[in-house]
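A.B. asks: Next up, data-v2.txt (compact mmCIF, C-alpha atoms).
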```
# COMPACT_ATOMS: atom_id res chain seq x y z
CA MET H 28 -0.77 23.35 -37.21
CA PHE H 29 1.86 24.00 -34.57
CA THR H 30 -0.82 23.81 -31.89
CA SER H 31 -1.97 20.41 -33.13
CA VAL H 32 1.62 19.12 -33.25
CA ALA H 33 2.29 20.34 -29.70
CA SER H 34 -0.91 18.73 -28.50
CA LEU H 35 0.05 15.49 -30.19
CA LEU H 36 3.46 15.49 -28.55
CA ARG H 37 1.84 15.92 -25.13
CA ASP H 38 -0.45 12.95 -25.71
CA PRO H 39 0.59 9.95 -23.53
CA LEU H 40 -0.17 7.46 -26.31
CA THR H 41 2.19 9.35 -28.63
CA HIS H 42 4.88 9.17 -25.95
CA PHE H 43 4.32 5.45 -25.62
CA LEU H 44 4.50 4.81 -29.36
CA LEU H 45 7.69 6.87 -29.66
CA ILE H 46 9.28 4.96 -26.80
CA SER H 47 8.16 1.66 -28.32
CA ALA H 48 9.70 2.61 -31.66
CA ALA H 49 12.95 3.56 -29.93
CA LEU H 50 13.06 0.26 -28.06
CA LEU H 51 12.47 -1.65 -31.28
CA ALA H 52 15.24 0.29 -32.98
CA ILE H 53 17.62 -0.44 -30.11
CA ASP H 54 16.63 -4.09 -30.16
CA GLY H 55 17.26 -4.21 -33.88
CA TRP H 56 20.68 -2.58 -33.41
CA ARG H 57 21.61 -5.01 -30.64
CA SER H 58 20.24 -8.06 -32.49
CA PRO H 59 21.30 -7.74 -36.16
CA GLN H 60 19.89 -10.13 -38.70
CA ASP H 61 23.30 -11.27 -39.89
CA PRO H 62 23.60 -14.91 -38.66
CA ALA H 63 27.30 -14.43 -37.96
CA ASP H 64 26.61 -11.45 -35.71
CA SER H 65 23.65 -13.17 -33.99
CA GLU H 66 26.05 -15.63 -32.33
CA GLN H 67 27.97 -12.83 -30.63
CA ILE H 68 27.24 -11.97 -26.99
CA ILE H 69 28.32 -8.51 -25.91
CA VAL H 70 28.29 -7.83 -22.18
CA PRO H 71 28.03 -4.03 -21.82
CA ASP H 72 29.92 -2.21 -19.07
CA ASP H 73 26.69 -1.17 -17.38
CA ILE H 74 25.66 -4.83 -17.04
CA VAL H 75 29.00 -5.69 -15.43
CA GLU H 76 28.62 -2.78 -13.02
CA SER H 77 25.04 -3.78 -12.22
CA LEU H 78 26.14 -7.35 -11.47
CA SER H 79 28.92 -6.02 -9.23
CA ASP H 80 26.56 -3.65 -7.41
CA SER H 81 24.08 -6.46 -6.75
CA TRP H 82 26.90 -8.63 -5.39
CA GLN H 83 28.04 -5.85 -3.05
CA LYS H 84 24.51 -5.28 -1.76
CA ARG H 85 24.17 -8.99 -0.98
CA THR H 86 27.60 -9.57 0.55
CA GLY H 87 28.60 -6.14 1.83
CA ALA H 88 31.87 -6.16 -0.13
CA PRO H 89 32.77 -5.55 -3.80
CA PRO H 90 33.48 -8.70 -5.83
CA THR H 91 37.04 -9.82 -6.40
CA THR H 92 38.30 -10.23 -9.96
CA ALA H 93 37.47 -13.94 -9.82
CA GLU H 94 34.02 -13.30 -8.40
CA ARG H 95 33.33 -10.66 -11.04
CA GLN H 96 34.33 -13.14 -13.75
CA ALA H 97 32.02 -15.75 -12.22
CA LEU H 98 29.15 -13.24 -12.26
CA VAL H 99 29.78 -12.47 -15.93
CA ASP H 100 30.04 -16.20 -16.75
CA THR H 101 26.64 -16.77 -15.14
CA TYR H 102 25.15 -13.85 -17.06
CA VAL H 103 26.55 -15.21 -20.36
CA GLU H 104 25.25 -18.69 -19.56
CA GLU H 105 21.77 -17.28 -18.94
CA GLU H 106 21.96 -15.23 -22.16
CA VAL H 107 22.89 -18.37 -24.13
CA LEU H 108 19.98 -20.32 -22.64
CA TYR H 109 17.62 -17.39 -23.24
CA ARG H 110 18.61 -17.06 -26.91
CA GLU H 111 18.38 -20.79 -27.52
CA GLY H 112 14.98 -20.89 -25.83
CA VAL H 113 13.74 -18.08 -28.08
CA ARG H 114 15.27 -19.81 -31.12
CA MET H 115 13.31 -22.96 -30.23
CA GLY H 116 10.11 -20.94 -29.73
CA LEU H 117 9.80 -21.86 -26.06
CA ASP H 118 8.46 -18.37 -25.31
CA HIS H 119 5.41 -18.95 -27.52
CA GLY H 120 2.28 -19.89 -25.60
CA ASP H 121 4.06 -19.73 -22.25
CA LEU H 122 1.74 -18.13 -19.69
CA ILE H 123 4.61 -17.18 -17.37
CA VAL H 124 6.46 -15.37 -20.16
CA ARG H 125 3.20 -13.77 -21.29
CA ARG H 126 2.42 -12.47 -17.81
CA ARG H 127 5.94 -11.14 -17.40
CA LEU H 128 5.69 -9.22 -20.68
CA VAL H 129 2.28 -7.86 -19.71
CA GLN H 130 3.75 -6.74 -16.38
CA LYS H 131 6.64 -4.98 -18.10
CA MET H 132 4.21 -3.28 -20.49
CA ARG H 133 2.15 -2.01 -17.56
CA PHE H 134 5.29 -0.65 -15.91
CA LEU H 135 6.19 1.09 -19.16
CA LEU H 136 2.71 2.60 -19.44
CA GLU H 137 2.92 3.87 -15.86
CA ASP H 138 6.30 5.51 -16.43
CA ILE H 139 5.49 7.60 -19.49
CA ALA H 140 4.05 11.11 -19.44
CA PRO H 141 3.12 11.36 -15.75
CA PRO H 142 -0.11 13.25 -15.07
CA GLU H 143 0.13 16.94 -14.25
CA ALA H 144 0.58 17.86 -10.59
CA PRO H 145 -2.80 18.55 -8.99
CA SER H 146 -3.67 21.95 -7.55
CA ASP H 147 -4.81 22.45 -3.97
CA ASP H 148 -8.38 22.72 -5.25
CA ASP H 149 -7.97 19.33 -6.95
CA LEU H 150 -6.66 17.83 -3.72
CA ARG H 151 -9.47 19.32 -1.62
CA ALA H 152 -12.04 17.93 -4.04
CA TRP H 153 -10.33 14.53 -3.92
CA LEU H 154 -10.31 14.57 -0.12
CA ALA H 155 -13.99 15.51 0.03
CA SER H 156 -14.92 12.72 -2.40
CA HIS H 157 -13.06 10.05 -0.41
CA PRO H 158 -14.13 10.71 3.20
CA ASP H 159 -13.66 7.09 4.31
CA ASP H 160 -9.95 7.32 3.51
CA PHE H 161 -9.28 10.61 5.30
CA THR H 162 -11.61 10.75 8.29
CA PHE H 163 -10.16 10.84 11.79
CA PRO H 164 -12.18 8.41 13.95
CA ALA H 165 -13.96 9.44 17.12
CA ARG H 166 -11.82 9.48 20.27
CA ILE H 167 -12.70 9.41 23.94
CA SER H 168 -10.89 9.98 27.22
CA LEU H 169 -12.01 7.77 30.09
CA GLU H 170 -11.36 6.40 33.54
CA HIS H 171 -12.07 2.80 34.42
CA ARG H 172 -12.03 0.51 37.43
CA TYR H 173 -11.17 -3.12 36.80
CA PHE H 174 -12.57 -6.20 38.56
CA SER H 175 -10.84 -9.50 37.92
CA ARG H 176 -12.82 -12.68 37.32
CA ASP H 177 -9.80 -14.64 38.55
CA ARG H 178 -9.99 -12.83 41.90
CA HIS H 179 -13.78 -12.65 42.39
CA GLY H 180 -15.03 -15.64 40.38
CA ASP H 181 -18.83 -15.86 40.13
CA SER H 182 -19.18 -12.79 42.37
CA THR H 183 -17.37 -10.49 39.93
CA GLU H 184 -20.51 -8.83 38.57
CA ALA H 185 -21.99 -8.30 42.04
CA VAL H 186 -18.74 -6.78 43.29
CA ALA H 187 -18.62 -4.47 40.25
CA LEU H 188 -22.23 -3.34 40.75
CA ASP H 189 -21.59 -2.56 44.43
CA ALA H 190 -18.52 -0.55 43.39
CA LEU H 191 -20.60 1.28 40.77
CA ALA H 192 -23.06 2.43 43.43
CA SER H 193 -20.15 3.68 45.54
CA LEU H 194 -18.60 5.59 42.65
CA GLN H 195 -21.94 7.18 41.79
CA ARG H 196 -22.15 8.43 45.38
CA GLY H 197 -18.73 10.04 44.93
CA GLU H 198 -16.82 7.50 47.00
CA ALA H 199 -13.32 6.35 46.05
CA VAL H 200 -13.06 2.83 44.64
CA PRO H 201 -9.58 1.58 43.66
CA GLY H 202 -10.64 -1.53 41.76
CA ASP H 203 -8.24 -4.43 41.15
CA PRO H 204 -4.69 -3.99 39.80
CA SER H 205 -4.59 -3.89 36.01
CA MET H 206 -1.92 -3.87 33.32
CA VAL H 207 -3.89 -1.07 31.61
CA ALA H 208 -3.73 2.43 33.12
CA GLN H 209 -6.89 3.60 34.88
CA SER H 210 -6.91 6.82 32.86
CA LEU H 211 -6.86 6.62 29.05
CA THR H 212 -6.64 9.83 27.03
CA LEU H 213 -8.15 10.35 23.56
CA ARG H 214 -8.28 6.75 22.42
CA THR H 215 -9.99 5.54 19.26
CA GLN H 216 -12.17 2.46 19.24
CA ALA H 217 -9.37 0.56 17.49
CA GLN H 218 -6.86 1.58 20.18
CA LEU H 219 -9.22 0.57 22.96
CA ALA H 220 -9.83 -2.76 21.23
CA ARG H 221 -6.09 -3.36 21.03
CA ASP H 222 -5.68 -2.80 24.78
CA LEU H 223 -8.91 -4.24 26.22
CA GLY H 224 -10.72 -6.14 23.47
CA SER H 225 -13.36 -5.27 20.89
CA GLY H 226 -16.28 -5.79 23.30
CA PHE H 227 -14.94 -3.24 25.77
CA ALA H 228 -14.09 -0.78 22.97
CA ALA H 229 -17.58 -0.92 21.45
CA GLY H 230 -19.24 -0.59 24.87
CA ALA H 231 -17.09 2.37 25.93
CA ILE H 232 -17.56 4.27 22.66
CA ALA H 233 -21.34 3.76 22.91
CA LEU H 234 -21.60 5.28 26.42
CA SER H 235 -23.49 8.55 26.74
CA GLY H 236 -23.13 11.10 29.50
CA GLU H 237 -20.15 11.61 31.78
CA GLY H 238 -21.11 9.61 34.87
CA TRP H 239 -19.85 6.19 35.91
CA ALA H 240 -21.45 3.32 33.99
CA GLY H 241 -21.04 -0.40 33.46
CA PRO H 242 -19.97 -2.99 34.07
CA ILE H 243 -18.44 -3.52 30.60
CA ALA H 244 -16.66 -6.79 29.88
CA SER H 245 -13.11 -6.80 28.54
CA SER H 246 -10.61 -9.50 27.69
CA TYR H 247 -9.60 -9.52 31.37
CA GLY H 248 -12.78 -9.08 33.40
CA LEU H 249 -15.34 -6.35 34.13
CA HIS H 250 -14.86 -2.57 34.12
CA LEU H 251 -16.71 0.43 35.40
CA VAL H 252 -16.18 3.33 33.03
CA ARG H 253 -16.56 7.10 33.12
CA VAL H 254 -16.08 9.01 29.85
CA HIS H 255 -14.99 12.59 30.53
CA ALA H 256 -14.05 13.88 27.07
CA ARG H 257 -15.10 13.13 23.51
CA GLU H 258 -13.91 14.08 20.04
CA PRO H 259 -16.36 13.18 17.27
CA ALA H 260 -15.15 11.69 14.00
CA ARG H 261 -14.21 14.39 11.50
CA LEU H 262 -12.92 14.76 7.98
CA ALA H 263 -9.26 15.78 8.04
CA ALA H 264 -8.16 19.16 6.75
CA LEU H 265 -5.94 19.06 3.68
CA ASP H 266 -2.85 20.31 5.51
CA GLU H 267 -3.19 17.46 8.03
CA VAL H 268 -3.06 14.72 5.40
CA ARG H 269 -1.60 16.42 2.33
CA PRO H 270 1.05 13.73 1.50
CA ALA H 271 -1.53 10.92 1.73
CA VAL H 272 -4.10 12.82 -0.36
CA LEU H 273 -1.47 13.69 -2.99
CA ARG H 274 -0.32 10.06 -3.19
CA SER H 275 -3.90 8.79 -3.47
CA HIS H 276 -4.75 11.36 -6.16
CA GLN H 277 -1.60 10.61 -8.17
CA ASP H 278 -2.09 6.84 -7.94
CA ALA H 279 -5.63 7.20 -9.25
CA ALA H 280 -4.56 9.58 -12.04
CA GLU H 281 -1.75 7.24 -13.14
CA ARG H 282 -4.09 4.26 -13.03
CA GLU H 283 -6.72 6.12 -15.07
CA GLN H 284 -4.12 7.20 -17.63
CA SER H 285 -2.74 3.66 -17.92
CA GLU H 286 -6.23 2.26 -18.43
CA ALA H 287 -6.92 4.89 -21.09
CA LEU H 288 -3.69 3.98 -22.91
CA VAL H 289 -4.63 0.30 -22.85
CA ARG H 290 -8.04 1.18 -24.30
CA ASP H 291 -6.38 3.25 -27.04
CA LEU H 292 -4.00 0.41 -27.87
CA SER H 293 -6.83 -2.13 -27.79
CA ALA H 294 -8.76 -0.05 -30.34
CA ARG H 295 -6.07 -0.96 -32.90
CA TYR H 296 -7.06 -4.65 -32.73
CA THR H 297 -10.08 -6.72 -33.71
CA VAL H 298 -11.03 -9.65 -31.52
CA ALA H 299 -12.41 -12.96 -32.73
CA VAL H 300 -13.65 -15.35 -30.06
CA ASN H 301 -16.18 -18.15 -29.78
CA LEU H 302 -17.72 -18.26 -26.30
CA ARG H 303 -19.58 -21.49 -25.88
```
In structure tokens, write the structure found in this file.

C.D. replies:
Amino acid sequence: MFTSVASLLRDPLTHFLLISAALLAIDGWRSPQDPADSEQIIVPDDIVESLSDSWQKRTGAPPTTAERQALVDTYVEEEVLYREGVRMGLDHGDLIVRRRLVQKMRFLLEDIAPPEAPSDDDLRAWLASHPDDFTFPARISLEHRYFSRDRHGDSTEAVALDALASLQRGEAVPGDPSMVAQSLTLRTQAQLARDLGSGFAAGAIALSGEGWAGPIASSYGLHLVRVHAREPARLAALDEVRPAVLRSHQDAAEREQSEALVRDLSARYTVAVNLR
């Protein structure tokens, strides 16, 4: 019996129902049925402090007595309009109000009974099952010689091919001045694309061997390229990406738990609908 009670108390749905009951009880205490009491608006101290804190964050200074009174007056005015709107039934059938309540319910579901912390084995299994999220891309180190279309015009390709032959014979070729360094160390395809354009990045990554090759077009002109080091793509080790793996695992666990709670709550209802 004690085991079943303990298990029940650990159940997230039980936590949610207990919290819901407590919120209803608080709401009933704050909103008594006595018509005389229902016209009273009590502004708790924590609300006043919250209003003051928000003011200070916006302005950089605490509110004066007059400003604090104005904040409270605005709060009371909003409370009056809220109560009168509810009294008139304006919240019924309002999609904006409905969505806001649904949002608050989802926040409440996410906050109760957080999933247990995963073990290292759990995290390693999660990492292995989500390789696209935790794989380090391939990287290359290269040298390049740049040839400007602005400088050489229609002869740019011919000039680059002549320079390629010279480089392959071991001769020094300076190339044209470039805003990008001639030596680039351990760059991913995305980094190369950022500096020289996606066409250059794809062409450089696809090169095989370690000799001079090209020309490869970039956003600026033509390049002769020599790749002298490569690192293949690899799945990260857990210690290299532990915070990201933990966050991903926890987000998924919380989402799964929230969805399970919604299913459990939905099981309490019957649905009647006519789909035409």

A.B. asks: One decimal, Å: what's the distance from CA of Ala190 in chain H over to CA of Glu170 in chain H, could you say?

C.D. replies: 14.0 Å

A.B. asks: Show me, as a list in words, the residues that have an atom within 12 Å of Met206 in chain H when counting all atoms listed in the file, minus same-chain residues fewer than 2 positions from it.

C.D. replies: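 Residues near the query, excluding close chain neighbours: Arg172, Tyr173, Ser175, Asp203, Pro204, Ala208, Gln209, Ser210, Asp222, Leu223, Ser246 and Tyr247 of chain H.
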
A.B. asks: Got time to write the residues from that selection, C-alpha atoms, as a PDB file, in the coordinates of the input?

C.D. replies:
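And here's out27.pdb as it stands now:
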```
ATOM      1  CA  ARG H 172     -12.030   0.510  37.430  1.00  0.00           C
ATOM      2  CA  TYR H 173     -11.170  -3.120  36.800  1.00  0.00           C
ATOM      3  CA  SER H 175     -10.840  -9.500  37.920  1.00  0.00           C
ATOM      4  CA  ASP H 203      -8.240  -4.430  41.150  1.00  0.00           C
ATOM      5  CA  PRO H 204      -4.690  -3.990  39.800  1.00  0.00           C
ATOM      6  CA  ALA H 208      -3.730   2.430  33.120  1.00  0.00           C
ATOM      7  CA  GLN H 209      -6.890   3.600  34.880  1.00  0.00           C
ATOM      8  CA  SER H 210      -6.910   6.820  32.860  1.00  0.00           C
ATOM      9  CA  ASP H 222      -5.680  -2.800  24.780  1.00  0.00           C
ATOM     10  CA  LEU H 223      -8.910  -4.240  26.220  1.00  0.00           C
ATOM     11  CA  SER H 246     -10.610  -9.500  27.690  1.00  0.00           C
ATOM     12  CA  TYR H 247      -9.600  -9.520  31.370  1.00  0.00           C
TER      13      TYR H 247
END
```

A.B. asks: Between CA of Arg151 in chain H and CA of Thr215 in chain H, what is the distance, to one decimal in Å?

C.D. replies: 25.0 Å

A.B. asks: Quick one: everything within 12 Å of range 63-77 of chain H, counting only C-alpha atoms, minus sequence neighbours fewer than 2 positions away in the same chain. Send it as a PyMOL selection string.

C.D. replies: chain H and resi 55-61+79-84+89-90+92+94-111+114

A.B. asks: Keeping only C-alpha atoms, write the selected residues as a PDB file, keeping the file's coordinate frame.

C.D. replies:
```pdb
ATOM      1  CA  GLY H  55      17.260  -4.210 -33.880  1.00  0.00           C
ATOM      2  CA  TRP H  56      20.680  -2.580 -33.410  1.00  0.00           C
ATOM      3  CA  ARG H  57      21.610  -5.010 -30.640  1.00  0.00           C
ATOM      4  CA  SER H  58      20.240  -8.060 -32.490  1.00  0.00           C
ATOM      5  CA  PRO H  59      21.300  -7.740 -36.160  1.00  0.00           C
ATOM      6  CA  GLN H  60      19.890 -10.130 -38.700  1.00  0.00           C
ATOM      7  CA  ASP H  61      23.300 -11.270 -39.890  1.00  0.00           C
ATOM      8  CA  SER H  79      28.920  -6.020  -9.230  1.00  0.00           C
ATOM      9  CA  ASP H  80      26.560  -3.650  -7.410  1.00  0.00           C
ATOM     10  CA  SER H  81      24.080  -6.460  -6.750  1.00  0.00           C
ATOM     11  CA  TRP H  82      26.900  -8.630  -5.390  1.00  0.00           C
ATOM     12  CA  GLN H  83      28.040  -5.850  -3.050  1.00  0.00           C
ATOM     13  CA  LYS H  84      24.510  -5.280  -1.760  1.00  0.00           C
ATOM     14  CA  PRO H  89      32.770  -5.550  -3.800  1.00  0.00           C
ATOM     15  CA  PRO H  90      33.480  -8.700  -5.830  1.00  0.00           C
ATOM     16  CA  THR H  92      38.300 -10.230  -9.960  1.00  0.00           C
ATOM     17  CA  GLU H  94      34.020 -13.300  -8.400  1.00  0.00           C
ATOM     18  CA  ARG H  95      33.330 -10.660 -11.040  1.00  0.00           C
ATOM     19  CA  GLN H  96      34.330 -13.140 -13.750  1.00  0.00           C
ATOM     20  CA  ALA H  97      32.020 -15.750 -12.220  1.00  0.00           C
ATOM     21  CA  LEU H  98      29.150 -13.240 -12.260  1.00  0.00           C
ATOM     22  CA  VAL H  99      29.780 -12.470 -15.930  1.00  0.00           C
ATOM     23  CA  ASP H 100      30.040 -16.200 -16.750  1.00  0.00           C
ATOM     24  CA  THR H 101      26.640 -16.770 -15.140  1.00  0.00           C
ATOM     25  CA  TYR H 102      25.150 -13.850 -17.060  1.00  0.00           C
ATOM     26  CA  VAL H 103      26.550 -15.210 -20.360  1.00  0.00           C
ATOM     27  CA  GLU H 104      25.250 -18.690 -19.560  1.00  0.00           C
ATOM     28  CA  GLU H 105      21.770 -17.280 -18.940  1.00  0.00           C
ATOM     29  CA  GLU H 106      21.960 -15.230 -22.160  1.00  0.00           C
ATOM     30  CA  VAL H 107      22.890 -18.370 -24.130  1.00  0.00           C
ATOM     31  CA  LEU H 108      19.980 -20.320 -22.640  1.00  0.00           C
ATOM     32  CA  TYR H 109      17.620 -17.390 -23.240  1.00  0.00           C
ATOM     33  CA  ARG H 110      18.610 -17.060 -26.910  1.00  0.00           C
ATOM     34  CA  GLU H 111      18.380 -20.790 -27.520  1.00  0.00           C
ATOM     35  CA  ARG H 114      15.270 -19.810 -31.120  1.00  0.00           C
TER      36      ARG H 114
END
```

A.B. asks: Have a look at CA of Pro145 in chain H and CA of Gln277 in chain H and let me know their distance in Å, one decimal.

C.D. replies: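 Between CA of Pro145 in chain H and CA of Gln277 in chain H the gap is 8.1 Å.
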
A.B. asks: Rank H:Thr91, H:Ser285, H:Ser146, H:Ser205 by their smallest atom-to-atom distance to Gly248 in chain H, using only C-alpha atoms, and report the top residue only.

C.D. replies: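 Counting only C-alpha atoms, the residue closest to Gly248 in chain H is H:Ser205.
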
A.B. asks: Near Leu234 in chain H, within 9 Å and counting all atoms listed in the file, which residues show up once chain neighbours fewer than 6 positions away are dropped, as a count of residues only?

C.D. replies: 4
